[in-house]
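Content type mmCIF, C-alpha atoms, from the file model-v4.cif:
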```cif
data_entry
loop_
_atom_site.label_atom_id
_atom_site.label_comp_id
_atom_site.auth_asym_id
_atom_site.auth_seq_id
_atom_site.Cartn_x
_atom_site.Cartn_y
_atom_site.Cartn_z
CA MET A 882 -23.51 41.75 92.66
CA LYS A 883 -23.97 43.90 89.56
CA ASN A 884 -21.83 43.50 86.48
CA GLN A 885 -18.44 45.14 86.88
CA ALA A 886 -17.43 47.92 84.51
CA ALA A 887 -14.58 47.04 82.17
CA PRO A 888 -11.15 48.14 83.43
CA SER A 889 -10.90 50.44 80.41
CA ALA A 890 -14.09 52.26 81.44
CA VAL A 891 -12.67 52.90 84.91
CA PHE A 892 -9.37 54.03 83.42
CA ASP A 893 -11.16 56.42 81.07
CA ALA A 894 -13.21 57.90 83.91
CA ILE A 895 -10.04 58.57 85.90
CA ARG A 896 -8.45 60.19 82.87
CA ASP A 897 -11.52 62.32 82.15
CA THR A 898 -12.17 63.65 85.66
CA GLY A 899 -8.74 63.23 87.26
CA LEU A 900 -10.24 62.49 90.66
CA ILE A 901 -11.14 59.56 92.88
CA SER A 902 -12.93 60.50 96.10
CA ILE A 903 -11.68 58.33 98.96
CA LEU A 904 -14.24 57.75 101.71
CA ARG A 905 -12.88 56.57 105.03
CA GLY A 906 -14.88 56.28 108.23
CA VAL A 907 -18.19 57.33 106.65
CA ASP A 908 -21.16 55.66 108.33
CA SER A 909 -22.94 53.26 105.98
CA GLY A 910 -26.24 54.92 106.88
CA LYS A 911 -25.00 58.29 105.56
CA ILE A 912 -22.75 57.23 102.74
CA CYS A 913 -25.38 57.40 99.98
CA ASP A 914 -26.20 61.00 100.93
CA VAL A 915 -22.51 61.92 100.84
CA VAL A 916 -21.93 60.25 97.48
CA ASP A 917 -25.10 61.74 96.00
CA ILE A 918 -23.82 65.27 96.69
CA MET A 919 -20.47 64.50 95.05
CA SER A 920 -22.09 62.87 92.05
CA GLN A 921 -24.12 66.03 91.43
CA THR A 922 -20.91 68.04 91.18
CA GLY A 923 -19.16 65.80 88.68
CA ILE A 924 -17.47 63.02 90.66
CA GLN A 925 -17.49 59.74 88.74
CA LEU A 926 -15.35 57.51 90.97
CA VAL A 927 -15.69 56.79 94.68
CA GLU A 928 -13.41 54.54 96.72
CA VAL A 929 -14.58 53.09 100.03
CA SER A 930 -11.60 52.31 102.24
CA LEU A 931 -11.87 48.82 103.73
CA ASP A 932 -10.60 49.99 107.11
CA THR A 933 -14.05 51.60 107.49
CA PRO A 934 -16.65 49.72 109.56
CA ASP A 935 -19.18 47.93 107.31
CA ALA A 936 -17.11 48.86 104.23
CA LEU A 937 -18.29 45.88 102.18
CA GLN A 938 -21.89 46.70 103.01
CA SER A 939 -21.30 50.29 101.90
CA ILE A 940 -19.74 49.15 98.62
CA GLN A 941 -22.69 46.90 97.95
CA LYS A 942 -25.16 49.66 98.77
CA LEU A 943 -23.40 52.26 96.63
CA SER A 944 -22.91 49.93 93.67
CA ARG A 945 -26.64 49.22 93.62
CA THR A 946 -27.83 52.77 94.29
CA PHE A 947 -25.56 54.43 91.74
CA ALA A 948 -25.42 51.68 89.13
CA GLY A 949 -24.73 53.21 85.73
CA ASP A 950 -23.99 56.64 87.19
CA LEU A 951 -20.87 56.17 89.32
CA LEU A 952 -17.97 53.75 89.56
CA ILE A 953 -17.51 52.35 93.06
CA GLY A 954 -14.20 50.92 94.22
CA ALA A 955 -12.49 49.49 97.28
CA GLY A 956 -9.36 50.86 98.91
CA THR A 957 -6.82 49.70 101.48
CA VAL A 958 -6.96 46.20 99.99
CA LEU A 959 -4.04 44.22 101.41
CA ASP A 960 -4.54 40.62 100.32
CA ARG A 961 -6.20 38.41 97.73
CA GLU A 962 -9.04 37.26 99.98
CA THR A 963 -10.04 40.83 100.78
CA ALA A 964 -9.81 41.79 97.11
CA GLN A 965 -12.17 38.96 96.19
CA GLN A 966 -14.62 39.98 98.92
CA ALA A 967 -14.63 43.57 97.67
CA ILE A 968 -15.17 42.50 94.06
CA SER A 969 -17.99 40.18 95.12
CA ALA A 970 -19.60 43.13 96.93
CA GLY A 971 -19.56 45.10 93.67
CA ALA A 972 -16.24 46.95 93.63
CA GLU A 973 -15.38 47.98 90.07
CA PHE A 974 -11.81 48.96 90.87
CA VAL A 975 -9.38 48.19 93.67
CA LEU A 976 -6.64 50.29 95.26
CA SER A 977 -3.87 49.01 97.52
CA PRO A 978 -1.36 50.96 99.60
CA THR A 979 1.26 48.33 98.69
CA LEU A 980 2.17 46.03 95.81
CA ASP A 981 0.85 42.52 96.38
CA ILE A 982 1.14 40.24 93.35
CA PRO A 983 -1.74 37.90 94.36
CA VAL A 984 -4.02 40.95 94.60
CA VAL A 985 -2.93 41.99 91.09
CA ALA A 986 -3.68 38.49 89.83
CA CYS A 987 -7.08 38.36 91.55
CA CYS A 988 -8.17 41.63 89.95
CA ILE A 989 -6.96 40.63 86.50
CA GLU A 990 -8.79 37.30 86.79
CA ASN A 991 -12.00 39.14 87.70
CA GLY A 992 -11.63 41.83 85.03
CA VAL A 993 -11.32 44.61 87.60
CA LEU A 994 -8.82 47.47 87.43
CA LEU A 995 -6.22 47.29 90.21
CA ILE A 996 -4.20 50.35 91.20
CA PRO A 997 -1.35 49.05 93.40
CA GLY A 998 0.62 51.35 95.68
CA VAL A 999 4.26 51.86 94.77
CA PHE A 1000 7.11 53.85 96.28
CA SER A 1001 10.21 52.88 94.32
CA PRO A 1002 11.25 52.27 90.71
CA SER A 1003 11.66 48.57 91.54
CA GLU A 1004 8.05 48.35 92.73
CA ILE A 1005 6.86 50.14 89.61
CA ALA A 1006 8.73 47.64 87.44
CA LEU A 1007 7.27 44.70 89.36
CA ALA A 1008 3.75 46.14 89.13
CA LYS A 1009 4.02 46.60 85.38
CA ALA A 1010 5.44 43.11 84.92
CA ALA A 1011 2.49 41.70 86.89
CA GLY A 1012 0.03 43.40 84.55
CA ALA A 1013 -0.83 46.66 86.31
CA VAL A 1014 -1.64 49.46 83.85
CA LEU A 1015 -1.93 52.21 86.46
CA VAL A 1016 0.06 52.59 89.68
CA LYS A 1017 -0.60 54.63 92.77
CA VAL A 1018 2.39 56.68 93.88
CA PHE A 1019 1.98 56.73 97.64
CA PRO A 1020 2.49 58.83 99.65
CA ALA A 1021 2.69 61.30 96.80
CA ASN A 1022 3.40 64.36 98.92
CA LEU A 1023 6.60 62.77 100.23
CA LEU A 1024 7.84 61.72 96.80
CA GLY A 1025 6.87 64.97 95.08
CA THR A 1026 6.27 66.08 91.51
CA ASP A 1027 9.92 65.72 90.44
CA TYR A 1028 9.74 62.03 91.28
CA VAL A 1029 6.60 61.68 89.17
CA ARG A 1030 8.30 63.30 86.19
CA LYS A 1031 11.39 61.11 86.52
CA MET A 1032 9.34 57.90 86.72
CA LEU A 1033 7.30 58.90 83.67
CA ASP A 1034 10.54 59.52 81.79
CA LEU A 1035 12.01 56.23 82.95
CA PHE A 1036 9.10 53.90 82.20
CA VAL A 1037 7.37 53.58 78.85
CA ASN A 1038 3.54 53.71 78.96
CA LEU A 1039 3.48 54.35 82.70
CA GLU A 1040 0.34 55.90 84.17
CA ILE A 1041 0.37 57.30 87.70
CA LEU A 1042 -2.32 58.14 90.23
CA ALA A 1043 -1.13 60.46 93.01
CA VAL A 1044 -2.45 59.57 96.48
CA GLY A 1045 -1.43 60.78 99.92
CA GLY A 1046 -1.22 64.38 101.03
CA ILE A 1047 -2.94 65.78 97.95
CA ASP A 1048 -4.90 68.98 98.53
CA LEU A 1049 -6.10 72.10 96.71
CA ASN A 1050 -2.64 73.64 96.98
CA ASN A 1051 -0.72 70.89 95.18
CA ILE A 1052 -3.17 68.93 93.05
CA GLY A 1053 -2.60 71.17 90.05
CA ALA A 1054 1.16 70.62 90.26
CA PHE A 1055 0.74 66.83 90.28
CA ILE A 1056 -1.59 66.92 87.28
CA SER A 1057 0.85 69.22 85.46
CA ALA A 1058 3.67 66.76 86.30
CA GLY A 1059 1.85 64.11 84.30
CA THR A 1060 -0.30 62.12 86.70
CA LEU A 1061 -3.50 60.66 85.28
CA GLY A 1062 -5.31 61.91 88.36
CA ALA A 1063 -5.36 61.91 92.14
CA GLY A 1064 -7.09 60.17 95.00
CA ILE A 1065 -8.24 62.51 97.76
CA GLY A 1066 -9.59 61.51 101.15
CA SER A 1067 -9.86 63.69 104.23
CA LYS A 1068 -9.06 66.90 102.35
CA LEU A 1069 -12.25 66.41 100.35
CA ALA A 1070 -14.71 64.38 102.43
CA GLY A 1071 -13.17 64.56 105.89
CA ARG A 1072 -14.82 64.48 109.27
CA ASP A 1073 -15.06 68.27 109.31
CA ILE A 1074 -17.63 67.95 106.52
CA VAL A 1075 -19.13 64.49 106.73
CA GLY A 1076 -19.30 64.41 110.52
CA PHE A 1077 -21.36 67.59 110.59
CA GLN A 1078 -23.24 66.75 107.39
CA ASP A 1079 -22.15 70.03 105.84
CA TYR A 1080 -23.14 68.93 102.36
CA GLU A 1081 -23.12 72.45 100.96
CA LEU A 1082 -19.41 72.71 101.78
CA LEU A 1083 -18.85 69.21 100.41
CA GLY A 1084 -20.35 70.17 97.07
CA ARG A 1085 -18.39 73.41 96.94
CA ARG A 1086 -15.09 71.72 97.79
CA THR A 1087 -15.68 68.98 95.22
CA LYS A 1088 -16.21 71.60 92.52
CA GLN A 1089 -12.98 73.35 93.57
CA TYR A 1090 -10.95 70.16 93.13
CA LEU A 1091 -12.47 69.37 89.76
CA GLN A 1092 -11.87 72.94 88.55
CA LYS A 1093 -8.22 72.83 89.68
CA ILE A 1094 -7.72 69.56 87.84
CA GLN A 1095 -9.31 70.76 84.61
CA LEU A 1096 -7.33 74.00 84.73
CA ALA A 1097 -4.09 72.05 85.12
CA LYS A 1098 -5.03 69.70 82.28
CA SER A 1099 -5.86 72.59 79.98
CA THR A 1100 -2.48 74.25 80.53
CA THR A 1101 -0.31 71.13 80.39
#
```

Would you mind giving the structure from this file in structure tokens?
Amino acid sequence: MKNQAAPSAVFDAIRDTGLISILRGVDSGKICDVVDIMSQTGIQLVEVSLDTPDALQSIQKLSRTFAGDLLIGAGTVLDRETAQQAISAGAEFVLSPTLDIPVVACCIENGVLLIPGVFSPSEIALAKAAGAVLVKVFPANLLGTDYVRKMLDLFVNLEILAVGGIDLNNIGAFISAGTLGAGIGSKLAGRDIVGFQDYELLGRRTKQYLQKIQLAKSTT
């Protein structure tokens, strides 16, 4: 396992680029090719969802191949044991669809940034009390940009990552609402691209997302 990046470095990369690419169902034999294309277009953070076959192997492979160039994380982490396995494989940040306090504790103990999934103000309060510095509003498309604005008004020093249903049509609105960034899965590296190895389209789509994000940041 390589040395993990400091949580602050991961946080800064999210703030700078505004985008985490979520890879789900990508074959471990192709994943380096997919990530290489995205890295060439400006992606700095890649999450491998743990409901993908051989996910831990993919995390280990990516963390070694792109050491110093990209930050590799694990997603769909549901319990402490799985969080520890992902960190041991080289994950430099961890995302969960839910708030699980033992997972928060595991990541803090290992010096890894955790982004827990939250849906309600109560969950946000619990996440902050447990030590989370960034929460994942999920599913963001159901909660909407007004919810994001209200939570940012309600909680001091709250940082939000929007995940779930984010696409080219609404990502700018979520950035303008105040989110630190967004996590994007199938709308960026879905089966329509990865399955057919259409890497030209993958690179073009990645650039479109990054341009939308930077445009929204520049006008906010």

**Q.** Picked residues, the PyMOL selection byres ((chain A and resi 1083) around 12), as a ChimeraX atom specification
**A.** /A:902,914-922,924,1067-1082,1084-1090

Q. Region 1044-1050 of chain A: which residues within 10 Å, counting all atoms listed in the file, same-chain residues fewer than 6 positions away excluded, as an MDAnalysis selection string?
A. chainID A and resid 901 903 978 998 1017:1024 1062:1069 1086 1089:1091 1093:1094

Hey, can you spit out that residue selection with C-alpha atoms as a CSV table (one decimal), in the coordinates of the input?
```csv
chain,number,residue,atom,x,y,z
A,901,ILE,CA,-11.1,59.6,92.9
A,903,ILE,CA,-11.7,58.3,99.0
A,978,PRO,CA,-1.4,51.0,99.6
A,998,GLY,CA,0.6,51.4,95.7
A,1017,LYS,CA,-0.6,54.6,92.8
A,1018,VAL,CA,2.4,56.7,93.9
A,1019,PHE,CA,2.0,56.7,97.6
A,1020,PRO,CA,2.5,58.8,99.6
A,1021,ALA,CA,2.7,61.3,96.8
A,1022,ASN,CA,3.4,64.4,98.9
A,1023,LEU,CA,6.6,62.8,100.2
A,1024,LEU,CA,7.8,61.7,96.8
A,1062,GLY,CA,-5.3,61.9,88.4
A,1063,ALA,CA,-5.4,61.9,92.1
A,1064,GLY,CA,-7.1,60.2,95.0
A,1065,ILE,CA,-8.2,62.5,97.8
A,1066,GLY,CA,-9.6,61.5,101.2
A,1067,SER,CA,-9.9,63.7,104.2
A,1068,LYS,CA,-9.1,66.9,102.4
A,1069,LEU,CA,-12.2,66.4,100.4
A,1086,ARG,CA,-15.1,71.7,97.8
A,1089,GLN,CA,-13.0,73.4,93.6
A,1090,TYR,CA,-11.0,70.2,93.1
A,1091,LEU,CA,-12.5,69.4,89.8
A,1093,LYS,CA,-8.2,72.8,89.7
A,1094,ILE,CA,-7.7,69.6,87.8
```

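Between CA of Ala964 (chain A) and CA of Leu943 (chain A) the interatomic distance comes to 17.2 Å.
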
Q) Which one of A:Gly923, A:Pro997, A:Gly899, A:Pro983 sits closest to Val1016 (chain A) if you count all atoms listed in the file? A)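 Among A:Gly923, A:Pro997, A:Gly899, A:Pro983, it is A:Pro997 that comes nearest to Val1016 (chain A).
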
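Between CA of Gln965 (chain A) and CA of Cys987 (chain A) the separation is 6.9 Å.
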
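Among the candidates A:Ser909, A:Gln1095, A:Thr933, A:Asn1051, the one nearest to Gly956 (chain A) when counting all atoms listed in the file is A:Thr933.
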
Q.
Translate the PyMOL selection byres ((chain A and resi 1055) around 10) into a concrete residue list for this structure, as a ChimeraX atom specification.
A. /A:1021-1022,1025-1027,1029-1030,1041-1043,1047,1051-1054,1056-1063,1094,1097

Q: Name the closest residue to Glu1004 (chain A) among the candidates A:Met1032, A:Val927, A:Ala886, A:Gln941; distances are taken between atoms, counting all atoms listed in the file.
A: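 When distances to Glu1004 (chain A) are compared using all atoms listed in the file, the smallest one comes from A:Met1032.
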
Start from the incomplete input, build all heavy atoms for region 916-927 of chain A, and deliver everything as a PDB file, in the frame of the given file.
```pdb
ATOM      1  N   VAL A 916     -22.291  60.542  98.870  1.00  0.00           N
ATOM      2  CA  VAL A 916     -21.930  60.250  97.480  1.00  0.00           C
ATOM      3  C   VAL A 916     -22.875  60.948  96.513  1.00  0.00           C
ATOM      4  O   VAL A 916     -22.456  61.403  95.440  1.00  0.00           O
ATOM      5  CB  VAL A 916     -21.898  58.738  97.248  1.00  0.00           C
ATOM      6  CG1 VAL A 916     -21.726  58.417  95.772  1.00  0.00           C
ATOM      7  CG2 VAL A 916     -20.778  58.108  98.064  1.00  0.00           C
ATOM      8  N   ASP A 917     -24.133  61.061  96.864  1.00  0.00           N
ATOM      9  CA  ASP A 917     -25.100  61.740  96.000  1.00  0.00           C
ATOM     10  C   ASP A 917     -24.696  63.197  95.769  1.00  0.00           C
ATOM     11  O   ASP A 917     -24.764  63.696  94.635  1.00  0.00           O
ATOM     12  CB  ASP A 917     -26.494  61.670  96.606  1.00  0.00           C
ATOM     13  CG  ASP A 917     -27.550  62.266  95.691  1.00  0.00           C
ATOM     14  OD1 ASP A 917     -27.631  61.852  94.524  1.00  0.00           O
ATOM     15  OD2 ASP A 917     -28.279  63.168  96.129  1.00  0.00           O
ATOM     16  N   ILE A 918     -24.260  63.881  96.816  1.00  0.00           N
ATOM     17  CA  ILE A 918     -23.820  65.270  96.690  1.00  0.00           C
ATOM     18  C   ILE A 918     -22.629  65.359  95.739  1.00  0.00           C
ATOM     19  O   ILE A 918     -22.572  66.222  94.854  1.00  0.00           O
ATOM     20  CB  ILE A 918     -23.446  65.852  98.056  1.00  0.00           C
ATOM     21  CG1 ILE A 918     -24.683  65.977  98.947  1.00  0.00           C
ATOM     22  CG2 ILE A 918     -22.756  67.205  97.913  1.00  0.00           C
ATOM     23  CD1 ILE A 918     -25.729  66.949  98.437  1.00  0.00           C
ATOM     24  N   MET A 919     -21.663  64.460  95.906  1.00  0.00           N
ATOM     25  CA  MET A 919     -20.470  64.500  95.050  1.00  0.00           C
ATOM     26  C   MET A 919     -20.807  64.158  93.608  1.00  0.00           C
ATOM     27  O   MET A 919     -20.238  64.738  92.682  1.00  0.00           O
ATOM     28  CB  MET A 919     -19.406  63.557  95.619  1.00  0.00           C
ATOM     29  CG  MET A 919     -18.800  64.070  96.917  1.00  0.00           C
ATOM     30  SD  MET A 919     -17.336  63.155  97.432  1.00  0.00           S
ATOM     31  CE  MET A 919     -18.080  61.599  97.876  1.00  0.00           C
ATOM     32  N   SER A 920     -21.744  63.244  93.421  1.00  0.00           N
ATOM     33  CA  SER A 920     -22.090  62.870  92.050  1.00  0.00           C
ATOM     34  C   SER A 920     -22.741  64.041  91.318  1.00  0.00           C
ATOM     35  O   SER A 920     -22.561  64.200  90.101  1.00  0.00           O
ATOM     36  CB  SER A 920     -23.036  61.658  92.042  1.00  0.00           C
ATOM     37  OG  SER A 920     -24.319  61.998  92.535  1.00  0.00           O
ATOM     38  N   GLN A 921     -23.463  64.869  92.039  1.00  0.00           N
ATOM     39  CA  GLN A 921     -24.120  66.030  91.430  1.00  0.00           C
ATOM     40  C   GLN A 921     -23.122  67.091  90.984  1.00  0.00           C
ATOM     41  O   GLN A 921     -23.443  67.927  90.136  1.00  0.00           O
ATOM     42  CB  GLN A 921     -25.110  66.650  92.416  1.00  0.00           C
ATOM     43  CG  GLN A 921     -26.312  65.783  92.738  1.00  0.00           C
ATOM     44  CD  GLN A 921     -27.223  66.416  93.771  1.00  0.00           C
ATOM     45  OE1 GLN A 921     -27.384  67.632  93.823  1.00  0.00           O
ATOM     46  NE2 GLN A 921     -27.819  65.596  94.623  1.00  0.00           N
ATOM     47  N   THR A 922     -21.918  67.045  91.536  1.00  0.00           N
ATOM     48  CA  THR A 922     -20.910  68.040  91.180  1.00  0.00           C
ATOM     49  C   THR A 922     -19.898  67.528  90.168  1.00  0.00           C
ATOM     50  O   THR A 922     -18.990  68.264  89.797  1.00  0.00           O
ATOM     51  CB  THR A 922     -20.165  68.514  92.447  1.00  0.00           C
ATOM     52  OG1 THR A 922     -19.524  67.401  93.064  1.00  0.00           O
ATOM     53  CG2 THR A 922     -21.111  69.153  93.443  1.00  0.00           C
ATOM     54  N   GLY A 923     -20.026  66.284  89.734  1.00  0.00           N
ATOM     55  CA  GLY A 923     -19.160  65.800  88.680  1.00  0.00           C
ATOM     56  C   GLY A 923     -18.254  64.636  89.026  1.00  0.00           C
ATOM     57  O   GLY A 923     -17.527  64.132  88.169  1.00  0.00           O
ATOM     58  N   ILE A 924     -18.270  64.189  90.287  1.00  0.00           N
ATOM     59  CA  ILE A 924     -17.470  63.020  90.660  1.00  0.00           C
ATOM     60  C   ILE A 924     -18.000  61.782  89.930  1.00  0.00           C
ATOM     61  O   ILE A 924     -19.203  61.571  89.840  1.00  0.00           O
ATOM     62  CB  ILE A 924     -17.537  62.779  92.188  1.00  0.00           C
ATOM     63  CG1 ILE A 924     -16.794  63.876  92.939  1.00  0.00           C
ATOM     64  CG2 ILE A 924     -16.993  61.411  92.558  1.00  0.00           C
ATOM     65  CD1 ILE A 924     -15.298  63.781  92.862  1.00  0.00           C
ATOM     66  N   GLN A 925     -17.092  60.979  89.408  1.00  0.00           N
ATOM     67  CA  GLN A 925     -17.490  59.740  88.740  1.00  0.00           C
ATOM     68  C   GLN A 925     -16.978  58.499  89.453  1.00  0.00           C
ATOM     69  O   GLN A 925     -17.482  57.402  89.201  1.00  0.00           O
ATOM     70  CB  GLN A 925     -16.978  59.730  87.298  1.00  0.00           C
ATOM     71  CG  GLN A 925     -17.608  60.772  86.397  1.00  0.00           C
ATOM     72  CD  GLN A 925     -17.123  60.657  84.968  1.00  0.00           C
ATOM     73  OE1 GLN A 925     -16.726  59.579  84.519  1.00  0.00           O
ATOM     74  NE2 GLN A 925     -17.138  61.764  84.242  1.00  0.00           N
ATOM     75  N   LEU A 926     -15.976  58.673  90.321  1.00  0.00           N
ATOM     76  CA  LEU A 926     -15.350  57.510  90.970  1.00  0.00           C
ATOM     77  C   LEU A 926     -15.265  57.727  92.479  1.00  0.00           C
ATOM     78  O   LEU A 926     -14.777  58.762  92.946  1.00  0.00           O
ATOM     79  CB  LEU A 926     -13.953  57.283  90.417  1.00  0.00           C
ATOM     80  CG  LEU A 926     -13.867  57.051  88.908  1.00  0.00           C
ATOM     81  CD1 LEU A 926     -13.201  58.247  88.247  1.00  0.00           C
ATOM     82  CD2 LEU A 926     -13.099  55.782  88.592  1.00  0.00           C
ATOM     83  N   VAL A 927     -15.714  56.735  93.225  1.00  0.00           N
ATOM     84  CA  VAL A 927     -15.690  56.790  94.680  1.00  0.00           C
ATOM     85  C   VAL A 927     -15.050  55.510  95.207  1.00  0.00           C
ATOM     86  O   VAL A 927     -15.433  54.404  94.812  1.00  0.00           O
ATOM     87  CB  VAL A 927     -17.107  56.934  95.261  1.00  0.00           C
ATOM     88  CG1 VAL A 927     -17.080  56.827  96.786  1.00  0.00           C
ATOM     89  CG2 VAL A 927     -17.733  58.260  94.828  1.00  0.00           C
TER      90      VAL A 927
END
```
